[in-house]
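To start, the structure under review is shown below, and the notes come after it.
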Amino acid sequence: MPTPPATHGPADPVDPGDPPALFCPPELNPEAWERAARRLLAKTLGEFAYEGVVEPVPVPGTGDRYALTLDAGETLTFSAARGAYDSWRVDPSTVRCEDRPFTDPLAFLLLSWRLLALDGATLGHLVRELTTTLAADTRLDGTALSASDLADLGYAELEGHQTGHPWLVPNKGRVGFSGTDAARWSPEARTPARLPWIAVSTTLASYRGVPALSTPERLYGLELDASTRERFTAVLRDRGLDPSAYLFLPVHPWQWDEVLLHLYAPAIAEGAIVPLPTDGDLRLPQQSIRTFLNLDRPARHTVKLPLSILNTLVWRGLPTGRTLAAPAVTAWVHHLRDTDAFLRDECRVILLGEVASVTVEHPLYDRLPEVPYQYRELLGAIWREPLGARLAPGERARTLASLLHTDPGGRAFTAELVARSGLAPAAWLQRLFGALLPPLLHFLYRYGTVFSPHGENAIVVFDDHDVPVRLAVKDFVDDVNISARPLPEHRGMPQDVKDTLLKEEPAFLTQFIHSGLFVGVFRYLAPLCQDQLDVPEDAFWSLVRAEILRHQARFPELGERFATFDLLTPRIERLCLNRNRLHLDGYRDRSDRPHAAIHGTIPNPLAARGRSE
């Protein structure tokens, strides 16, 4: 007879073996934490002051020194330079509390939560987001490269060295990620991954594509090798399922494990959702964290996947309606460009279209009234046109956000590029503005249409001498808005596009350029250029204004539109991103996505300053 297996009774000792080693990033050390904390405190003070959350007062007789009175009467002082749009640039080395060096942004929250008008729930969550952001910043510091080395990196690799949103203070909060998740899936981890795929029954899933990708078979023919498609269909056949009744899409492994296995368990149990193997391609997460570039086959599409983490202002899912409409919006925006000689031939603007999508409904959440929006954005995929295939020989691309980067030695990435170009700094900036602004202005003035050209959506294309030559734009469906005032150019707009795109009054439509580009990027680039390129801030903004006026002179027939969409008005509304988190929405669930808060007005540096043009 076979020997029966050994058993352990309740009293039998079981050797558990050695416990697993605990994960701890090597960058978490006192020196790295201190450096990152000092910078983040300065950013916190500067951005909170810009948004009017705190109101520092000048210290008499000191020139550039300001003071804040904290909750228990303590005095916090710091030196700061003032800039365009009433901005503040705080010197990290000058912050003192009760005349002692002060470097801790978390302690600042503890000492000033009444001053900041924070409730307890918001304060608790904010401490978590700020601490997580600091941990990510220390990781970036520990692996930082020189500006010279960064300039040699490709587009996808450079993304992993960026420091995140310059305006939002807790810009890497990533609520939902563990420490191990951040070390695996964050952009700064710079770790390629092979994404698994799933098959979803067409009773739940819907496909949309631009005309060239009108059927899923056309998309899969480009994205998947024949052997991979056969493996996928074999998995379905082995389970007795009809492959023709399913759609394929990649899925983020974190999303599958943390969200989908739970919330789609009934569909998985009945075979409406079937796990598949990976397609084998290595992909790299970008700054948007849910977007992956294909490293093995760069000509294949970029994929954008839902990720149910709270980062910056929103949960990073994929809204079902907008995902469905993405290819239609792409087709319409491409049509505007392709039928406009200025955009097509002179600007040569690259519009990275979202050319195909699969949306997957949730059988319950999509039918529940007023359900938190995060539960309506759980599963789907968007395929975006790859950037590399649209560059000419010798061209290279970098996100606009990269121009704000400063290396550990204090050298600005922009200064490195200017030096490599051989141009005078002002001439290089003129080329930058000449690449970025004309297509954005033309879409606004001619078509009443704006992108949100913030640092990640706007991509600068350079020639082989690192001179800016043209613009690439991405993320149409989330960040394209149109004029609420009817324009003749909108008459041919397809109904599904019209129903999807957000509409704003002309006076506010210009805010997407002001807040996305001028406040969100140039507000930081201008002082950087003053410090490292000897281009005074006033000269910087004069160059921006001159480019706008040059474009207007080129199209005098649109004069009425220049007044309708007035970028040169003396004051603009102050949009606030941090106020949304602190005072407006906090961390509460809501049924629709939050938007920026508005708090008063600020002077516009592009307005005429009493001089004739």
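In the structure tokens, the first chain shown is A, the next is B, and so on; residue numbers restart at 1 for each chain, and ligands run from 1 in the order shown.
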Q | Neighbour list for Phe451 (chain A) as a list in words, cut-off 6 Å, only C-alpha atoms, skip fewer than 2 positions in-chain | A | Pro453, Asp479 and Val480 of chain A
Q.
Can you pull out the residues contacting region 431-437 of chain A? Cut-off 6 Å, using only C-alpha atoms, and skip same-chain residues under 4 positions away; I want them as a list in words.
A. Leu441, Pro468, Val469, Arg470 and Leu471 of chain A
Save the residues we just selected, all heavy atoms, as a PDB file, in the first residue's frame?
ATOM      1  N   LEU A 441      -3.106  78.630 -32.116  1.00  0.00           N
ATOM      2  CA  LEU A 441      -3.883  79.837 -32.385  1.00  0.00           C
ATOM      3  C   LEU A 441      -4.816  79.648 -33.567  1.00  0.00           C
ATOM      4  O   LEU A 441      -5.960  80.133 -33.559  1.00  0.00           O
ATOM      5  CB  LEU A 441      -2.936  81.010 -32.639  1.00  0.00           C
ATOM      6  CG  LEU A 441      -2.034  81.415 -31.470  1.00  0.00           C
ATOM      7  CD1 LEU A 441      -1.047  82.489 -31.910  1.00  0.00           C
ATOM      8  CD2 LEU A 441      -2.859  81.897 -30.286  1.00  0.00           C
ATOM      9  N   PRO A 468      13.722  73.854 -32.042  1.00  0.00           N
ATOM     10  CA  PRO A 468      12.298  73.519 -32.167  1.00  0.00           C
ATOM     11  C   PRO A 468      11.781  73.856 -33.563  1.00  0.00           C
ATOM     12  O   PRO A 468      12.034  74.945 -34.083  1.00  0.00           O
ATOM     13  CB  PRO A 468      11.631  74.403 -31.115  1.00  0.00           C
ATOM     14  CG  PRO A 468      12.725  74.801 -30.173  1.00  0.00           C
ATOM     15  CD  PRO A 468      13.968  74.859 -30.995  1.00  0.00           C
ATOM     16  N   VAL A 469      11.056  72.908 -34.162  1.00  0.00           N
ATOM     17  CA  VAL A 469      10.571  73.134 -35.525  1.00  0.00           C
ATOM     18  C   VAL A 469       9.064  72.956 -35.677  1.00  0.00           C
ATOM     19  O   VAL A 469       8.461  73.560 -36.558  1.00  0.00           O
ATOM     20  CB  VAL A 469      11.294  72.220 -36.536  1.00  0.00           C
ATOM     21  CG1 VAL A 469      12.749  72.640 -36.681  1.00  0.00           C
ATOM     22  CG2 VAL A 469      11.190  70.753 -36.150  1.00  0.00           C
ATOM     23  N   ARG A 470       8.420  72.118 -34.863  1.00  0.00           N
ATOM     24  CA  ARG A 470       6.975  71.975 -34.990  1.00  0.00           C
ATOM     25  C   ARG A 470       6.401  71.336 -33.730  1.00  0.00           C
ATOM     26  O   ARG A 470       7.123  70.949 -32.813  1.00  0.00           O
ATOM     27  CB  ARG A 470       6.598  71.177 -36.234  1.00  0.00           C
ATOM     28  CG  ARG A 470       7.215  69.797 -36.383  1.00  0.00           C
ATOM     29  CD  ARG A 470       6.717  69.150 -37.658  1.00  0.00           C
ATOM     30  NE  ARG A 470       7.353  67.886 -37.958  1.00  0.00           N
ATOM     31  CZ  ARG A 470       6.754  66.881 -38.571  1.00  0.00           C
ATOM     32  NH1 ARG A 470       5.477  66.989 -38.931  1.00  0.00           N
ATOM     33  NH2 ARG A 470       7.403  65.764 -38.841  1.00  0.00           N
ATOM     34  N   LEU A 471       5.072  71.223 -33.733  1.00  0.00           N
ATOM     35  CA  LEU A 471       4.326  70.777 -32.566  1.00  0.00           C
ATOM     36  C   LEU A 471       3.649  69.444 -32.844  1.00  0.00           C
ATOM     37  O   LEU A 471       3.138  69.208 -33.938  1.00  0.00           O
ATOM     38  CB  LEU A 471       3.253  71.825 -32.221  1.00  0.00           C
ATOM     39  CG  LEU A 471       2.199  71.450 -31.165  1.00  0.00           C
ATOM     40  CD1 LEU A 471       2.821  71.361 -29.779  1.00  0.00           C
ATOM     41  CD2 LEU A 471       1.061  72.478 -31.174  1.00  0.00           C
TER      42      LEU A 471
END
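The residue that comes closest to Gln530 (chain A), out of A:Thr414, A:Thr569, A:Ser421, A:Asn604 and on the basis of only C-alpha atoms, is A:Thr414.
Using only C-alpha atoms, the shortest contact distance between Arg208 (chain A) and any of A:Gln374, A:Thr69, A:Thr323, A:Gln430 is found at A:Thr323.
The residue that comes closest to Leu41 (chain A), out of A:Glu55, A:Glu395, A:Asp104, A:Glu537 and on the basis of only C-alpha atoms, is A:Asp104.
Comparing A:Leu440, A:Val544, A:Leu40, A:Ala539 by their smallest distance to Phe342 (chain A), the closest is A:Leu440 (using only C-alpha atoms).
Note that the spacing between CA of Leu153 (chain A) and CA of Phe462 (chain A) amounts to 13.3 Å.
Non-sequential neighbours of Thr180 (chain A) (distance at most 12 Å, separation of 3 or more positions within a chain, only C-alpha atoms) are Leu22, Phe23, Cys24, Pro25, Ala136, Gly176, Phe177, Ala183, Arg184, Trp185, Ser186, Ala189 and Trp254 of chain A.
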Selected residues written out with N, CA, C and O atoms, as a compact mmCIF listing (two decimals), in the first residue's frame:
# COMPACT_ATOMS: atom_id res chain seq x y z
N LEU A 22 11.49 42.47 3.28
CA LEU A 22 10.63 43.62 3.10
C LEU A 22 11.21 44.54 2.03
O LEU A 22 12.42 44.78 1.98
N PHE A 23 10.34 45.05 1.20
CA PHE A 23 10.78 45.98 0.15
C PHE A 23 11.02 47.35 0.77
O PHE A 23 10.17 47.88 1.49
N CYS A 24 12.16 47.94 0.47
CA CYS A 24 12.45 49.30 0.91
C CYS A 24 13.34 49.95 -0.13
O CYS A 24 14.46 49.49 -0.38
N PRO A 25 12.87 51.01 -0.78
CA PRO A 25 13.69 51.67 -1.81
C PRO A 25 15.00 52.18 -1.22
O PRO A 25 14.99 52.82 -0.15
N ALA A 136 8.42 59.47 -4.03
CA ALA A 136 8.72 59.39 -5.47
C ALA A 136 9.81 60.37 -5.86
O ALA A 136 10.68 60.06 -6.69
N GLY A 176 -3.94 54.38 -4.05
CA GLY A 176 -4.29 53.04 -4.51
C GLY A 176 -3.06 52.19 -4.76
O GLY A 176 -3.12 50.96 -4.64
N PHE A 177 -1.94 52.83 -5.10
CA PHE A 177 -0.69 52.10 -5.30
C PHE A 177 -0.03 51.81 -3.95
O PHE A 177 0.02 52.67 -3.06
N ALA A 183 7.09 51.12 -7.29
CA ALA A 183 8.41 50.69 -7.76
C ALA A 183 8.33 49.88 -9.05
O ALA A 183 9.32 49.78 -9.78
N ARG A 184 7.15 49.35 -9.34
CA ARG A 184 6.99 48.53 -10.55
C ARG A 184 6.35 49.30 -11.70
O ARG A 184 6.74 49.13 -12.85
N TRP A 185 5.37 50.16 -11.41
CA TRP A 185 4.53 50.70 -12.48
C TRP A 185 4.64 52.21 -12.69
O TRP A 185 4.05 52.73 -13.63
N SER A 186 5.36 52.91 -11.82
CA SER A 186 5.45 54.35 -11.99
C SER A 186 6.41 54.70 -13.13
O SER A 186 7.29 53.91 -13.46
N ALA A 189 10.11 54.44 -12.29
CA ALA A 189 10.68 53.10 -12.16
C ALA A 189 11.35 52.66 -13.46
O ALA A 189 12.26 51.81 -13.43
N TRP A 254 -2.02 45.59 -12.84
CA TRP A 254 -2.49 46.10 -11.55
C TRP A 254 -4.01 46.23 -11.56
O TRP A 254 -4.68 45.86 -10.59
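Between Ala212 (chain A) and the candidates A:Val355, A:Ala182, A:Gly280, A:Leu324, the tightest atom-to-atom separation, counting only C-alpha atoms, involves A:Val355.
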Q: Within region 56-124 of chain A, find each residue whose DSSP state, derived from the backbone, is strand (DSSP E or B), and express the selection as a PyMOL selection string.
A: chain A and resi 57-58+65-69+75-83+87-90+96-97+100-101
Q | Polymer residues at most 9 Å from Asp91 (chain A), only C-alpha atoms, same-chain spacing of 5 or more positions, as a list of chain:residue names | A | A:Arg39, A:Ala42, A:Phe78, A:Ser79, A:Ala80, A:Ala81
Selected residues written out with C-alpha atoms, as an mmCIF file, in the first residue's frame:
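Final output, saved to again-v9.cif:
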data_model
loop_
_atom_site.group_PDB
_atom_site.id
_atom_site.type_symbol
_atom_site.label_atom_id
_atom_site.label_comp_id
_atom_site.auth_asym_id
_atom_site.auth_seq_id
_atom_site.Cartn_x
_atom_site.Cartn_y
_atom_site.Cartn_z
ATOM 1 C CA ARG A 39 12.048 71.603 -2.713
ATOM 2 C CA ALA A 42 9.117 75.732 -1.442
ATOM 3 C CA PHE A 78 11.072 82.950 3.175
ATOM 4 C CA SER A 79 12.549 84.765 0.210
ATOM 5 C CA ALA A 80 10.603 84.743 -3.042
ATOM 6 C CA ALA A 81 10.712 86.314 -6.478
#
For region 481-497 of chain A, list every protein, DNA or RNA residue within 9 Å, evaluated using only C-alpha atoms, and leave out those in the same chain fewer than 6 positions away; present the list as a short mmCIF file (atom, residue, chain, number, x, y, z; two decimals) with N, CA and C atoms, in the first residue's frame.
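Output file around-v3.cif is given in full below:
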data_model
loop_
_atom_site.label_atom_id
_atom_site.label_comp_id
_atom_site.auth_asym_id
_atom_site.auth_seq_id
_atom_site.Cartn_x
_atom_site.Cartn_y
_atom_site.Cartn_z
N ALA A 325 -16.17 57.55 -28.26
CA ALA A 325 -16.15 58.62 -29.25
C ALA A 325 -14.75 59.00 -29.72
N ALA A 326 -13.71 58.46 -29.09
CA ALA A 326 -12.35 58.89 -29.40
C ALA A 326 -12.01 58.81 -30.88
N ALA A 328 -13.97 58.96 -33.48
CA ALA A 328 -14.74 59.96 -34.22
C ALA A 328 -14.17 61.36 -34.00
N VAL A 329 -13.76 61.66 -32.77
CA VAL A 329 -13.14 62.95 -32.50
C VAL A 329 -11.83 63.06 -33.27
N TRP A 332 -12.47 63.85 -36.93
CA TRP A 332 -12.90 65.23 -37.16
C TRP A 332 -11.71 66.20 -37.05
N LEU A 444 -7.82 77.74 -32.60
CA LEU A 444 -8.70 78.59 -31.79
C LEU A 444 -9.43 79.61 -32.64
N ARG A 446 -9.66 80.09 -36.09
CA ARG A 446 -10.38 79.65 -37.29
C ARG A 446 -11.50 78.67 -36.97
N TYR A 447 -11.28 77.80 -36.01
CA TYR A 447 -12.24 76.70 -35.79
C TYR A 447 -12.88 76.70 -34.40
N GLY A 448 -12.58 77.72 -33.57
CA GLY A 448 -13.18 77.75 -32.25
C GLY A 448 -12.92 76.48 -31.47
N THR A 449 -11.73 75.94 -31.62
CA THR A 449 -11.38 74.65 -31.03
C THR A 449 -10.04 74.78 -30.31
N VAL A 450 -9.99 74.25 -29.08
CA VAL A 450 -8.72 74.31 -28.34
C VAL A 450 -8.34 72.92 -27.84
N PHE A 451 -7.06 72.68 -27.84
CA PHE A 451 -6.49 71.56 -27.12
C PHE A 451 -6.14 72.07 -25.72
N SER A 452 -5.74 71.18 -24.84
CA SER A 452 -5.18 71.60 -23.56
C SER A 452 -3.68 71.37 -23.66
N LYS A 503 -18.09 72.07 -24.30
CA LYS A 503 -18.30 73.39 -24.92
C LYS A 503 -18.12 74.47 -23.87
N GLU A 504 -17.42 75.53 -24.24
CA GLU A 504 -17.18 76.65 -23.35
C GLU A 504 -17.45 77.95 -24.09
N GLU A 505 -17.88 78.97 -23.34
CA GLU A 505 -18.04 80.29 -23.92
C GLU A 505 -16.68 80.82 -24.37
N PRO A 506 -16.67 81.66 -25.41
CA PRO A 506 -15.39 82.13 -25.95
C PRO A 506 -14.48 82.75 -24.91
N LEU A 509 -12.88 79.86 -23.27
CA LEU A 509 -12.16 78.91 -24.13
C LEU A 509 -10.67 79.25 -24.18
N PHE A 512 -7.86 77.62 -21.84
CA PHE A 512 -7.14 76.37 -22.05
C PHE A 512 -5.73 76.63 -22.56
#
Q: Could you give me, as a PyMOL selection string, the residues within 7 Å of region 191-204 of chain A, counting only C-alpha atoms and dropping anything in the same chain fewer than 5 positions from it?
A: chain A and resi 184+245-253+272-284+360-361
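When CA of Ser214 (chain A) is paired with CA of Thr500 (chain A), their separation reads 19.5 Å.
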Q: Could you please write out, as a PyMOL selection string, every residue of region 50-233 of chain A that DSSP assigns to alpha helix (DSSP H)?
A: chain A and resi 50+105-112+120-142+147-151+155-159+179-185+216-223+226-233
Selected residues, C-alpha atoms, written as a PDB file, in the first residue's frame, please.
ATOM      1  CA  TYR A  50      -0.269  81.895  -6.219  1.00  0.00           C
ATOM      2  CA  PRO A 105       6.197  70.257   4.029  1.00  0.00           C
ATOM      3  CA  LEU A 106       4.398  67.681   6.184  1.00  0.00           C
ATOM      4  CA  ALA A 107       5.155  69.656   9.338  1.00  0.00           C
ATOM      5  CA  PHE A 108       3.925  72.748   7.513  1.00  0.00           C
ATOM      6  CA  LEU A 109       0.519  71.082   7.059  1.00  0.00           C
ATOM      7  CA  LEU A 110       0.430  70.230  10.768  1.00  0.00           C
ATOM      8  CA  LEU A 111       1.277  73.795  11.762  1.00  0.00           C
ATOM      9  CA  SER A 112      -1.052  75.539   9.308  1.00  0.00           C
ATOM     10  CA  GLY A 120      -9.761  66.726   9.050  1.00  0.00           C
ATOM     11  CA  ALA A 121     -10.602  64.264   6.277  1.00  0.00           C
ATOM     12  CA  THR A 122      -8.903  66.361   3.599  1.00  0.00           C
ATOM     13  CA  LEU A 123      -5.871  66.910   5.816  1.00  0.00           C
ATOM     14  CA  GLY A 124      -5.471  63.190   6.464  1.00  0.00           C
ATOM     15  CA  HIS A 125      -5.612  62.249   2.796  1.00  0.00           C
ATOM     16  CA  LEU A 126      -3.394  65.182   1.814  1.00  0.00           C
ATOM     17  CA  VAL A 127      -0.671  64.054   4.221  1.00  0.00           C
ATOM     18  CA  ARG A 128      -0.751  60.656   2.521  1.00  0.00           C
ATOM     19  CA  GLU A 129      -0.536  62.131  -0.989  1.00  0.00           C
ATOM     20  CA  LEU A 130       2.231  64.531  -0.041  1.00  0.00           C
ATOM     21  CA  THR A 131       4.254  61.810   1.679  1.00  0.00           C
ATOM     22  CA  THR A 132       3.915  59.531  -1.338  1.00  0.00           C
ATOM     23  CA  THR A 133       4.950  62.370  -3.631  1.00  0.00           C
ATOM     24  CA  LEU A 134       8.035  62.968  -1.511  1.00  0.00           C
ATOM     25  CA  ALA A 135       8.959  59.290  -1.660  1.00  0.00           C
ATOM     26  CA  ALA A 136       8.715  59.385  -5.465  1.00  0.00           C
ATOM     27  CA  ASP A 137      10.823  62.554  -5.565  1.00  0.00           C
ATOM     28  CA  THR A 138      13.574  60.894  -3.544  1.00  0.00           C
ATOM     29  CA  ARG A 139      13.563  57.991  -5.979  1.00  0.00           C
ATOM     30  CA  LEU A 140      13.969  60.413  -8.887  1.00  0.00           C
ATOM     31  CA  ASP A 141      16.832  62.175  -7.113  1.00  0.00           C
ATOM     32  CA  GLY A 142      18.618  58.890  -6.530  1.00  0.00           C
ATOM     33  CA  ALA A 147      21.060  67.546 -18.533  1.00  0.00           C
ATOM     34  CA  SER A 148      23.633  66.454 -21.109  1.00  0.00           C
ATOM     35  CA  ASP A 149      22.796  62.781 -20.630  1.00  0.00           C
ATOM     36  CA  LEU A 150      19.051  63.509 -20.708  1.00  0.00           C
ATOM     37  CA  ALA A 151      19.428  65.298 -24.035  1.00  0.00           C
ATOM     38  CA  TYR A 155      11.302  60.253 -26.186  1.00  0.00           C
ATOM     39  CA  ALA A 156      10.074  57.217 -24.251  1.00  0.00           C
ATOM     40  CA  GLU A 157      13.147  56.987 -21.999  1.00  0.00           C
ATOM     41  CA  LEU A 158      13.189  60.713 -21.195  1.00  0.00           C
ATOM     42  CA  GLU A 159       9.663  60.453 -19.794  1.00  0.00           C
ATOM     43  CA  GLY A 179       5.121  50.982  -2.407  1.00  0.00           C
ATOM     44  CA  THR A 180       5.821  47.898  -4.498  1.00  0.00           C
ATOM     45  CA  ASP A 181       3.291  49.038  -7.104  1.00  0.00           C
ATOM     46  CA  ALA A 182       5.033  52.398  -7.420  1.00  0.00           C
ATOM     47  CA  ALA A 183       8.414  50.691  -7.760  1.00  0.00           C
ATOM     48  CA  ARG A 184       6.989  48.528 -10.553  1.00  0.00           C
ATOM     49  CA  TRP A 185       4.533  50.700 -12.476  1.00  0.00           C
ATOM     50  CA  PRO A 216     -11.330  45.186 -35.046  1.00  0.00           C
ATOM     51  CA  GLU A 217      -9.702  42.736 -37.460  1.00  0.00           C
ATOM     52  CA  ARG A 218      -7.898  45.644 -39.137  1.00  0.00           C
ATOM     53  CA  LEU A 219      -6.548  46.847 -35.811  1.00  0.00           C
ATOM     54  CA  TYR A 220      -5.493  43.378 -34.650  1.00  0.00           C
ATOM     55  CA  GLY A 221      -3.789  42.793 -37.986  1.00  0.00           C
ATOM     56  CA  LEU A 222      -1.482  45.702 -37.148  1.00  0.00           C
ATOM     57  CA  GLU A 223      -1.099  45.127 -33.422  1.00  0.00           C
ATOM     58  CA  ALA A 226      -0.699  35.986 -36.626  1.00  0.00           C
ATOM     59  CA  SER A 227       0.690  33.475 -34.130  1.00  0.00           C
ATOM     60  CA  THR A 228      -0.494  35.611 -31.224  1.00  0.00           C
ATOM     61  CA  ARG A 229      -3.976  35.940 -32.674  1.00  0.00           C
ATOM     62  CA  GLU A 230      -4.092  32.181 -33.095  1.00  0.00           C
ATOM     63  CA  ARG A 231      -3.049  31.659 -29.476  1.00  0.00           C
ATOM     64  CA  PHE A 232      -5.790  34.019 -28.338  1.00  0.00           C
ATOM     65  CA  THR A 233      -8.484  32.289 -30.368  1.00  0.00           C
TER      66      THR A 233
END
